[in-house]
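Visitor: Here it is, the structure in full.
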Amino acid sequence: MPLRVATKDDIPDLFDMLVELAIFEKLDHEVHISREQFGRDFEDGCFRGFIVIDDETERPAGMVLYHYTYDCWKGKTMSMDELIVRPEYRQKRYGKLLWAAVAQVAKEREVSHIMWDVLDWNKGAINFYHSVEGVFDTTKDNEGFLRYKMSKEGIERFAATI
Amino acid sequence: MSIRPATKDDASLLFDMSMLTDQLKELAIFQKFESKVVISREQYAKDLEDGCFKAFIVIDDETGEAAGMAIYHDTFDCWKGRTISMNQLIVRPQFRSKKYGKLLWAAVAQAAKDRGVAHMSWDVVDWNKGAIGFYNSVPGVREVMNDKGLIQYMMSKEGIEQFTASSKHCFL
């Protein structure tokens, strides 16, 4: 099984992949956190994640991070961040595996929804997210990031697929 | 006038102040795609006790009643680090013009400073001119989203420093 919970030993790979995604999004100049602080914040529980190690090459192929948030009307929610599959590892369903792992955590925590952002020009990602039921895009921020949400019902259905 | 962190014993009070405000009922209508069901009083209290969110309460000098509240919770921006999200900054209508709003906001800003956040953010509905004017009255506030009737504001680390420094006298 290529997917597992990320540990502090994965920090260098997680940070590398985070920077790769920022470069792809042409926003790497916005990454202000240092690798060291990122590692400290992980150890302090500010966020958690999953990592996929490719079966064939045994190299890190992808990751996803998440942290808990709160909606005063709906209760516990979650934010999914940095869902990345490295280009050379596409078409192996790692993306859905990573997302479904977060959905499983969300289901266990009984959140009302999961949220995440996608750049409005990232057609590949947009199509990927819309291929699963229970996903809505809501608002767009001033930098072109679309805010997506997956409902409780969507989470239940999707988590059941892994 | 006193402001203090909310404890689990304040859960019902916080719940009443936030759920029974007309403004927030309007906000529920705004979020069209979601069901109208809101969290129960019991779950809200449990979430407060479990540390899912924190809050400040202001008690009015003259009446000894709860005059307002602000809720916040820790969040994370993978590119910037620790952040805080502020919600439900409310001053009951009968207690307006006593600077309780700024006091509550400054208390959350102090918590944000203590956490060493990169920024703090919060949402306002775009028809709430009073709130928009209030938030724009303090330097270091930037609009980062304005779409579908919702505005999101962000206060930078520098803005937080400046605001907490200028508000110190409020806590004496």
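Each chain in the structure tokens gets a letter, A, B and so on, in the order shown; residues start at 1 in every chain, and ligands are counted from 1 in the order they appear.
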Taking 3 positions as the minimum chain separation for residues in the same chain, which residues sit within 8 Å of segment 124-140 of chain B when counting only C-alpha atoms? Answer as a PyMOL selection string.
Guide: chain B and resi 27+146+149-153+155-156+158-160+163
Visitor: Atoms to include: N, CA and C atoms. Write the selected residues as a CSV table (one decimal), in the first residue's frame.
Guide:
chain,number,residue,atom,x,y,z
B,27,LEU,N,-26.8,35.6,7.3
B,27,LEU,CA,-25.6,34.9,6.8
B,27,LEU,C,-25.9,33.5,6.5
B,146,ASN,N,-13.4,39.3,-2.2
B,146,ASN,CA,-14.7,40.0,-2.3
B,146,ASN,C,-15.5,39.4,-3.4
B,149,GLY,N,-20.9,38.2,-2.4
B,149,GLY,CA,-21.5,38.8,-1.2
B,149,GLY,C,-20.6,38.6,0.1
B,150,LEU,N,-19.5,38.0,0.0
B,150,LEU,CA,-18.6,37.8,1.2
B,150,LEU,C,-17.3,38.5,1.0
B,151,ILE,N,-16.9,39.2,2.0
B,151,ILE,CA,-15.6,39.8,2.0
B,151,ILE,C,-14.7,39.1,3.1
B,152,GLN,N,-13.4,38.9,2.7
B,152,GLN,CA,-12.5,38.4,3.7
B,152,GLN,C,-11.4,39.4,3.9
B,153,TYR,N,-11.1,39.7,5.2
B,153,TYR,CA,-10.1,40.6,5.5
B,153,TYR,C,-8.9,39.8,6.1
B,155,MET,N,-5.3,40.7,8.5
B,155,MET,CA,-4.4,41.7,9.2
B,155,MET,C,-3.1,41.0,9.3
B,156,SER,N,-2.1,41.7,8.8
B,156,SER,CA,-0.7,41.2,8.7
B,156,SER,C,-0.1,41.2,10.1
B,158,GLU,N,2.5,42.7,11.0
B,158,GLU,CA,2.9,44.1,11.3
B,158,GLU,C,1.7,44.8,11.8
B,159,GLY,N,0.5,44.6,11.2
B,159,GLY,CA,-0.7,45.2,11.6
B,159,GLY,C,-1.1,44.8,13.0
B,160,ILE,N,-0.9,43.5,13.3
B,160,ILE,CA,-1.2,42.9,14.6
B,160,ILE,C,-0.3,43.6,15.6
B,163,PHE,N,-1.5,47.2,16.2
B,163,PHE,CA,-2.8,47.2,16.8
B,163,PHE,C,-2.8,46.9,18.3
Visitor: Would you give me, as CSV, each residue of chain B having an atom within 10 Å of an atom of chain A, along with its shortest atom pair and that distance in Å to one decimal, using only C-alpha atoms and sorting by chain and residue number?
Guide:
residue,atom,partner,partner_atom,distance
B:Phe15,CA,A:Cys72,CA,9.1
B:Ser18,CA,A:Cys72,CA,8.4
B:Met19,CA,A:Trp73,CA,7.9
B:Leu24,CA,A:Trp73,CA,9.2
B:Ala28,CA,A:Trp73,CA,8.5
B:Gln31,CA,A:Thr138,CA,9.2
B:Phe33,CA,A:Phe136,CA,8.5
B:Glu34,CA,A:Ser151,CA,8.3
B:Ser35,CA,A:Lys74,CA,9.8
B:Lys36,CA,A:Trp73,CA,9.6
B:Val37,CA,A:Lys74,CA,7.8
B:Val38,CA,A:Trp73,CA,5.2
B:Ile39,CA,A:Lys74,CA,5.1
B:Ser40,CA,A:Trp73,CA,8.9
B:Gln43,CA,A:Gly75,CA,7.8
B:Tyr44,CA,A:Gly75,CA,6.9
B:Asp47,CA,A:Gly75,CA,7.5
B:Cys52,CA,A:Tyr70,CA,6.7
B:Phe53,CA,A:Tyr70,CA,6.8
B:Ile71,CA,A:Cys72,CA,8.3
B:Tyr72,CA,A:Tyr70,CA,8.7
B:His73,CA,A:Tyr70,CA,6.9
B:Asp74,CA,A:Thr69,CA,7.3
B:Thr75,CA,A:Thr69,CA,6.3
B:Phe76,CA,A:Cys46,CA,6.5
B:Asp77,CA,A:Asp81,CA,8.6
B:Cys78,CA,A:Asp81,CA,7.4
B:Trp79,CA,A:Val31,CA,4.5
B:Lys80,CA,A:Ile33,CA,4.9
B:Gly81,CA,A:Ile33,CA,6.0
B:Arg82,CA,A:Cys46,CA,7.4
B:Thr83,CA,A:Cys46,CA,9.8
B:Ile84,CA,A:Thr69,CA,9.9
B:Ser85,CA,A:Thr69,CA,8.7
B:Asn87,CA,A:Cys72,CA,7.4
B:Gln88,CA,A:Cys72,CA,7.7
B:Ala118,CA,A:Ile33,CA,9.3
B:Glu143,CA,A:Asn142,CA,8.3
B:Val144,CA,A:Asn142,CA,5.6
B:Met145,CA,A:Asp141,CA,4.2
B:Asn146,CA,A:Asp141,CA,6.6
B:Asp147,CA,A:Thr139,CA,5.7
B:Lys148,CA,A:Thr139,CA,6.4
B:Gly149,CA,A:Thr139,CA,9.0
B:Leu150,CA,A:Thr139,CA,7.9
B:Ile151,CA,A:Asp141,CA,9.0
B:Gln152,CA,A:Asp141,CA,8.3
Visitor: Please dump the current selection as a PDB file, in the first residue's frame; keep C-alpha atoms.
Guide:
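Listing of again_30.pdb after writing:
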ATOM      1  CA  PHE B  15     -24.324  30.254  21.742  1.00  0.00           C
ATOM      2  CA  SER B  18     -24.182  34.224  18.208  1.00  0.00           C
ATOM      3  CA  MET B  19     -27.168  32.168  17.117  1.00  0.00           C
ATOM      4  CA  LEU B  24     -26.191  35.760  11.448  1.00  0.00           C
ATOM      5  CA  ALA B  28     -27.209  31.511   6.937  1.00  0.00           C
ATOM      6  CA  GLN B  31     -24.731  30.352   2.346  1.00  0.00           C
ATOM      7  CA  PHE B  33     -25.944  25.635  -0.896  1.00  0.00           C
ATOM      8  CA  GLU B  34     -25.721  24.431   2.669  1.00  0.00           C
ATOM      9  CA  SER B  35     -28.607  23.120   4.670  1.00  0.00           C
ATOM     10  CA  LYS B  36     -30.120  25.436   7.228  1.00  0.00           C
ATOM     11  CA  VAL B  37     -29.239  23.074  10.059  1.00  0.00           C
ATOM     12  CA  VAL B  38     -26.867  24.576  12.563  1.00  0.00           C
ATOM     13  CA  ILE B  39     -24.823  22.987  15.297  1.00  0.00           C
ATOM     14  CA  SER B  40     -26.674  22.085  18.505  1.00  0.00           C
ATOM     15  CA  GLN B  43     -22.211  20.112  20.447  1.00  0.00           C
ATOM     16  CA  TYR B  44     -21.113  23.767  20.537  1.00  0.00           C
ATOM     17  CA  ASP B  47     -16.427  21.796  20.946  1.00  0.00           C
ATOM     18  CA  CYS B  52     -11.894  23.490  18.834  1.00  0.00           C
ATOM     19  CA  PHE B  53     -12.285  27.237  19.258  1.00  0.00           C
ATOM     20  CA  ILE B  71     -14.490  33.748  18.670  1.00  0.00           C
ATOM     21  CA  TYR B  72     -11.237  32.567  17.113  1.00  0.00           C
ATOM     22  CA  HIS B  73      -9.450  29.369  16.278  1.00  0.00           C
ATOM     23  CA  ASP B  74      -5.935  28.378  15.267  1.00  0.00           C
ATOM     24  CA  THR B  75      -5.424  27.690  11.583  1.00  0.00           C
ATOM     25  CA  PHE B  76      -2.455  27.076   9.343  1.00  0.00           C
ATOM     26  CA  ASP B  77      -1.235  28.450   6.044  1.00  0.00           C
ATOM     27  CA  CYS B  78       1.268  26.009   4.530  1.00  0.00           C
ATOM     28  CA  TRP B  79       3.202  28.849   2.891  1.00  0.00           C
ATOM     29  CA  LYS B  80       3.175  31.271   5.796  1.00  0.00           C
ATOM     30  CA  GLY B  81       2.795  29.198   8.960  1.00  0.00           C
ATOM     31  CA  ARG B  82       0.500  29.627  11.940  1.00  0.00           C
ATOM     32  CA  THR B  83      -2.522  31.859  11.463  1.00  0.00           C
ATOM     33  CA  ILE B  84      -5.715  32.668  13.344  1.00  0.00           C
ATOM     34  CA  SER B  85      -9.255  32.904  12.058  1.00  0.00           C
ATOM     35  CA  ASN B  87     -15.318  34.817  13.771  1.00  0.00           C
ATOM     36  CA  GLN B  88     -18.463  36.217  15.267  1.00  0.00           C
ATOM     37  CA  ALA B 118       1.773  35.311  10.066  1.00  0.00           C
ATOM     38  CA  GLU B 143      -9.229  42.915   1.732  1.00  0.00           C
ATOM     39  CA  VAL B 144      -8.153  39.547   0.256  1.00  0.00           C
ATOM     40  CA  MET B 145     -11.467  38.371  -1.144  1.00  0.00           C
ATOM     41  CA  ASN B 146     -14.700  40.017  -2.258  1.00  0.00           C
ATOM     42  CA  ASP B 147     -16.940  37.573  -4.054  1.00  0.00           C
ATOM     43  CA  LYS B 148     -20.573  36.432  -3.994  1.00  0.00           C
ATOM     44  CA  GLY B 149     -21.457  38.785  -1.181  1.00  0.00           C
ATOM     45  CA  LEU B 150     -18.645  37.780   1.168  1.00  0.00           C
ATOM     46  CA  ILE B 151     -15.563  39.810   2.007  1.00  0.00           C
ATOM     47  CA  GLN B 152     -12.497  38.351   3.664  1.00  0.00           C
TER      48      GLN B 152
END
Visitor: Which neighbours of Lys96 of chain A fall inside 10 Å, counting only C-alpha atoms, when residues of the same chain fewer than 5 positions from it are skipped, and could you give them as a compact mmCIF listing (two decimals) with C-alpha atoms, in the first residue's frame?
Guide:
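Listed below is the output, out-v1.txt:
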# COMPACT_ATOMS: atom_id res chain seq x y z
CA LEU A 83 -2.63 17.85 -2.58
CA VAL A 85 1.11 14.18 -7.23
CA ALA A 101 -7.50 9.39 3.01
CA VAL A 102 -8.26 12.96 4.10
CA PHE A 128 -10.13 16.21 -10.95
CA TYR A 129 -12.12 17.70 -8.06
CA VAL A 132 -16.25 13.28 -7.40
CA PHE A 158 -16.03 9.25 -0.99
CA THR A 161 -14.42 4.17 -1.85
CA ILE A 162 -11.02 3.39 -0.30
Visitor: Find the distance between atom CA of Val91 of chain B and atom CA of Val58 of chain B and write it in Å to one decimal.
Guide: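 Between these atoms lies a distance of 8.7 Å.
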Visitor: Do you have the atom CA of Ile53 of chain A-atom CA of Pro2 of chain A distance handy?
Guide: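 Between these atoms lies a distance of 5.0 Å.
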Visitor: If you run DSSP on the backbone, which residues of segment 4-172 of chain B are strand (DSSP E), as an NGL selection string?
Guide: :B and (4-5 or 54-59 or 66-77 or 81-91 or 119-125 or 141-147 or 150-156)
Visitor: Grab the residues selected above and save them as a compact mmCIF listing (two decimals), in the first residue's frame with N, CA and C atoms.
Guide:
# COMPACT_ATOMS: atom_id res chain seq x y z
N ARG B 4 -12.63 39.04 29.25
CA ARG B 4 -11.95 37.85 29.73
C ARG B 4 -12.10 36.71 28.74
N PRO B 5 -11.17 35.74 28.81
CA PRO B 5 -11.33 34.56 27.96
C PRO B 5 -12.59 33.81 28.38
N LYS B 54 -11.74 29.15 20.64
CA LYS B 54 -11.63 29.91 21.89
C LYS B 54 -12.45 31.18 21.72
N ALA B 55 -12.65 31.90 22.81
CA ALA B 55 -13.45 33.12 22.71
C ALA B 55 -13.11 34.10 23.82
N PHE B 56 -13.47 35.35 23.58
CA PHE B 56 -13.44 36.39 24.61
C PHE B 56 -14.85 36.90 24.82
N ILE B 57 -15.14 37.29 26.04
CA ILE B 57 -16.45 37.89 26.38
C ILE B 57 -16.19 39.25 27.04
N VAL B 58 -17.01 40.20 26.70
CA VAL B 58 -16.96 41.51 27.37
C VAL B 58 -18.18 41.63 28.28
N ILE B 59 -17.93 42.00 29.52
CA ILE B 59 -19.03 42.23 30.48
C ILE B 59 -19.17 43.74 30.66
N ALA B 66 -23.43 40.43 29.77
CA ALA B 66 -22.52 40.14 28.66
C ALA B 66 -22.88 41.08 27.52
N ALA B 67 -21.90 41.87 27.08
CA ALA B 67 -22.14 42.88 26.06
C ALA B 67 -21.69 42.44 24.67
N GLY B 68 -20.74 41.52 24.62
CA GLY B 68 -20.25 41.10 23.31
C GLY B 68 -19.28 39.95 23.42
N MET B 69 -18.86 39.47 22.26
CA MET B 69 -17.96 38.31 22.21
C MET B 69 -17.18 38.30 20.91
N ALA B 70 -16.11 37.55 20.90
CA ALA B 70 -15.40 37.26 19.66
C ALA B 70 -14.87 35.85 19.78
N ILE B 71 -14.96 35.13 18.70
CA ILE B 71 -14.49 33.75 18.67
C ILE B 71 -13.28 33.67 17.74
N TYR B 72 -12.35 32.77 18.04
CA TYR B 72 -11.24 32.57 17.11
C TYR B 72 -10.75 31.13 17.22
N HIS B 73 -10.08 30.69 16.19
CA HIS B 73 -9.45 29.37 16.28
C HIS B 73 -8.14 29.38 15.50
N ASP B 74 -7.24 28.49 15.92
CA ASP B 74 -5.94 28.38 15.27
C ASP B 74 -6.12 27.75 13.89
N THR B 75 -5.42 28.29 12.91
CA THR B 75 -5.42 27.69 11.58
C THR B 75 -3.98 27.64 11.09
N PHE B 76 -3.81 27.20 9.87
CA PHE B 76 -2.45 27.08 9.34
C PHE B 76 -2.44 27.38 7.86
N ASP B 77 -1.45 28.16 7.46
CA ASP B 77 -1.23 28.45 6.04
C ASP B 77 0.10 27.80 5.69
N GLY B 81 2.70 29.69 7.59
CA GLY B 81 2.80 29.20 8.96
C GLY B 81 1.50 29.39 9.73
N ARG B 82 1.68 29.52 11.06
CA ARG B 82 0.50 29.63 11.94
C ARG B 82 -0.31 30.88 11.63
N THR B 83 -1.62 30.73 11.67
CA THR B 83 -2.52 31.86 11.46
C THR B 83 -3.69 31.71 12.44
N ILE B 84 -4.51 32.73 12.51
CA ILE B 84 -5.72 32.67 13.34
C ILE B 84 -6.89 33.15 12.52
N SER B 85 -8.03 32.49 12.71
CA SER B 85 -9.25 32.90 12.06
C SER B 85 -10.19 33.45 13.14
N MET B 86 -10.63 34.68 12.94
CA MET B 86 -11.55 35.31 13.91
C MET B 86 -12.97 35.20 13.35
N ASN B 87 -13.92 34.92 14.21
CA ASN B 87 -15.32 34.82 13.77
C ASN B 87 -16.23 35.46 14.79
N GLN B 88 -17.40 35.82 14.35
CA GLN B 88 -18.46 36.22 15.27
C GLN B 88 -18.02 37.28 16.27
N LEU B 89 -17.45 38.34 15.75
CA LEU B 89 -17.19 39.48 16.61
C LEU B 89 -18.53 40.20 16.71
N ILE B 90 -19.13 40.15 17.87
CA ILE B 90 -20.50 40.66 18.07
C ILE B 90 -20.52 41.59 19.26
N VAL B 91 -21.16 42.74 19.08
CA VAL B 91 -21.49 43.59 20.23
C VAL B 91 -23.01 43.75 20.20
N HIS B 119 -0.56 35.99 10.02
CA HIS B 119 -1.67 36.92 9.84
C HIS B 119 -2.91 36.37 10.53
N MET B 120 -3.91 37.21 10.66
CA MET B 120 -5.22 36.76 11.12
C MET B 120 -6.25 37.17 10.08
N SER B 121 -7.31 36.39 9.94
CA SER B 121 -8.31 36.72 8.91
C SER B 121 -9.72 36.51 9.45
N TRP B 122 -10.66 37.14 8.77
CA TRP B 122 -12.07 37.01 9.16
C TRP B 122 -12.94 37.42 7.98
N ASP B 123 -14.23 37.06 8.05
CA ASP B 123 -15.18 37.35 6.97
C ASP B 123 -16.23 38.35 7.42
N VAL B 124 -16.75 39.10 6.45
CA VAL B 124 -17.87 40.03 6.68
C VAL B 124 -18.79 39.93 5.46
N VAL B 125 -20.10 40.00 5.66
CA VAL B 125 -20.98 40.04 4.48
C VAL B 125 -20.93 41.45 3.88
N VAL B 141 -5.12 46.39 7.78
CA VAL B 141 -6.21 45.50 7.34
C VAL B 141 -6.29 45.56 5.83
N ARG B 142 -6.32 44.38 5.22
CA ARG B 142 -6.33 44.31 3.75
C ARG B 142 -7.48 43.39 3.33
N GLU B 143 -8.17 43.77 2.27
CA GLU B 143 -9.23 42.92 1.73
C GLU B 143 -8.56 41.88 0.83
N VAL B 144 -8.78 40.58 1.09
CA VAL B 144 -8.15 39.55 0.26
C VAL B 144 -9.16 38.79 -0.60
N MET B 145 -10.44 38.99 -0.33
CA MET B 145 -11.47 38.37 -1.14
C MET B 145 -12.73 39.22 -1.08
N ASN B 146 -13.41 39.32 -2.22
CA ASN B 146 -14.70 40.02 -2.26
C ASN B 146 -15.50 39.37 -3.38
N ASP B 147 -16.26 38.36 -3.01
CA ASP B 147 -16.94 37.57 -4.05
C ASP B 147 -18.23 37.00 -3.51
N LEU B 150 -19.48 37.99 -0.01
CA LEU B 150 -18.64 37.78 1.17
C LEU B 150 -17.29 38.46 0.99
N ILE B 151 -16.87 39.16 2.02
CA ILE B 151 -15.56 39.81 2.01
C ILE B 151 -14.69 39.13 3.05
N GLN B 152 -13.43 38.87 2.67
CA GLN B 152 -12.50 38.35 3.66
C GLN B 152 -11.39 39.39 3.89
N TYR B 153 -11.13 39.66 5.15
CA TYR B 153 -10.07 40.59 5.52
C TYR B 153 -8.91 39.84 6.14
N MET B 154 -7.73 40.45 6.00
CA MET B 154 -6.55 39.88 6.61
C MET B 154 -5.79 41.01 7.31
N MET B 155 -5.29 40.71 8.51
CA MET B 155 -4.44 41.67 9.22
C MET B 155 -3.06 41.04 9.29
N SER B 156 -2.08 41.75 8.78
CA SER B 156 -0.72 41.22 8.71
C SER B 156 -0.08 41.16 10.09
Visitor: Can you measure atom CA of Leu97 of chain A to atom CA of Leu3 of chain A for me? One decimal in Å is fine.
Guide: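 Separation between atom CA of Leu97 of chain A and atom CA of Leu3 of chain A: 7.5 Å.
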Visitor: Mind the document's chain letters and residue numbers, and return as a ChimeraX atom specification the residues of chain A that DSSP labels alpha helix (DSSP H).
Guide: /A:11-24,35-43,94-109,123-130,152-159
Visitor: Which one of A:Val105, A:Leu14, A:Met1, A:Val135 sits closest to Ala160 of chain A if you count only C-alpha atoms?
Guide: A:Val105
Visitor: What's around Lys152 of chain A at 9 Å? Count only C-alpha atoms, leave out sequence neighbours fewer than 4 positions away in its own chain, and write the answer as an MDAnalysis selection string.
Guide: chainID A and resid 106:107 110:114 134 156:157
Visitor: Would you write out those residues with C-alpha atoms, as an mmCIF file, in the first residue's frame?
Guide:
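The file below, part-v2.cif, is the result:
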data_model
loop_
_atom_site.group_PDB
_atom_site.id
_atom_site.type_symbol
_atom_site.label_atom_id
_atom_site.label_comp_id
_atom_site.auth_asym_id
_atom_site.auth_seq_id
_atom_site.Cartn_x
_atom_site.Cartn_y
_atom_site.Cartn_z
ATOM 1 C CA ALA A 106 -12.845 14.003 8.071
ATOM 2 C CA LYS A 107 -15.491 11.317 8.426
ATOM 3 C CA GLU A 110 -17.452 14.076 11.931
ATOM 4 C CA VAL A 111 -16.741 17.369 10.234
ATOM 5 C CA SER A 112 -19.480 19.250 8.441
ATOM 6 C CA HIS A 113 -17.305 19.869 5.391
ATOM 7 C CA ILE A 114 -13.744 19.892 4.026
ATOM 8 C CA GLY A 134 -20.493 16.344 -3.275
ATOM 9 C CA GLU A 156 -19.265 9.781 3.575
ATOM 10 C CA ARG A 157 -19.605 8.545 0.014
#
Visitor: Using only C-alpha atoms, which of B:Thr7, B:Glu65, B:Met17, B:Lys168 sits nearest Glu49 of chain B?
Guide: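 Of all the options, B:Thr7 lies closest to Glu49 of chain B.
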Visitor: Please provide the set of residues having any atom within 7 Å of Val52 of chain A, restricted to only C-alpha atoms, with same-chain residues fewer than 6 positions apart removed, written as a VMD selection string.
Guide: chain A and resid 2 to 4 60 to 63
Visitor: Print the selection's residues with N, CA and C atoms to a file, as a JSON list (two decimals), in the first residue's frame.
Guide:
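Wrote it out as selection.json, contents follow:
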[["chain", "number", "residue", "atom", "x", "y", "z"],
["A", 2, "PRO", "N", 0.82, 2.02, -1.05],
["A", 2, "PRO", "CA", 1.77, 3.15, -1.17],
["A", 2, "PRO", "C", 1.50, 4.32, -0.22],
["A", 3, "LEU", "N", 0.28, 4.41, 0.34],
["A", 3, "LEU", "CA", -0.06, 5.57, 1.14],
["A", 3, "LEU", "C", 0.14, 5.30, 2.63],
["A", 4, "ARG", "N", 0.70, 6.26, 3.34],
["A", 4, "ARG", "CA", 0.80, 6.15, 4.79],
["A", 4, "ARG", "C", 0.75, 7.54, 5.41],
["A", 60, "PRO", "N", 9.10, 9.26, -3.09],
["A", 60, "PRO", "CA", 7.87, 9.99, -2.75],
["A", 60, "PRO", "C", 7.17, 10.48, -4.01],
["A", 61, "ALA", "N", 5.94, 10.06, -4.18],
["A", 61, "ALA", "CA", 5.20, 10.38, -5.40],
["A", 61, "ALA", "C", 4.17, 11.48, -5.20],
["A", 62, "GLY", "N", 3.75, 11.64, -3.97],
["A", 62, "GLY", "CA", 2.73, 12.66, -3.72],
["A", 62, "GLY", "C", 2.46, 12.82, -2.24],
["A", 63, "MET", "N", 1.64, 13.82, -1.92],
["A", 63, "MET", "CA", 1.32, 14.10, -0.53],
["A", 63, "MET", "C", 0.02, 14.89, -0.44]]
Visitor: For Ile11 of chain A, please output as a list in words all residues within 10 Å (counting only C-alpha atoms; exclusion window: fewer than 2 positions along the same chain).
Guide: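 Answer for this query is Ala6, Thr7, Lys8, Asp9, Asp13, Leu14, Phe15, Asp16, Met17, Arg35, Glu36, Phe38, Gly39, Arg40, Phe42 and Glu43 of chain A.
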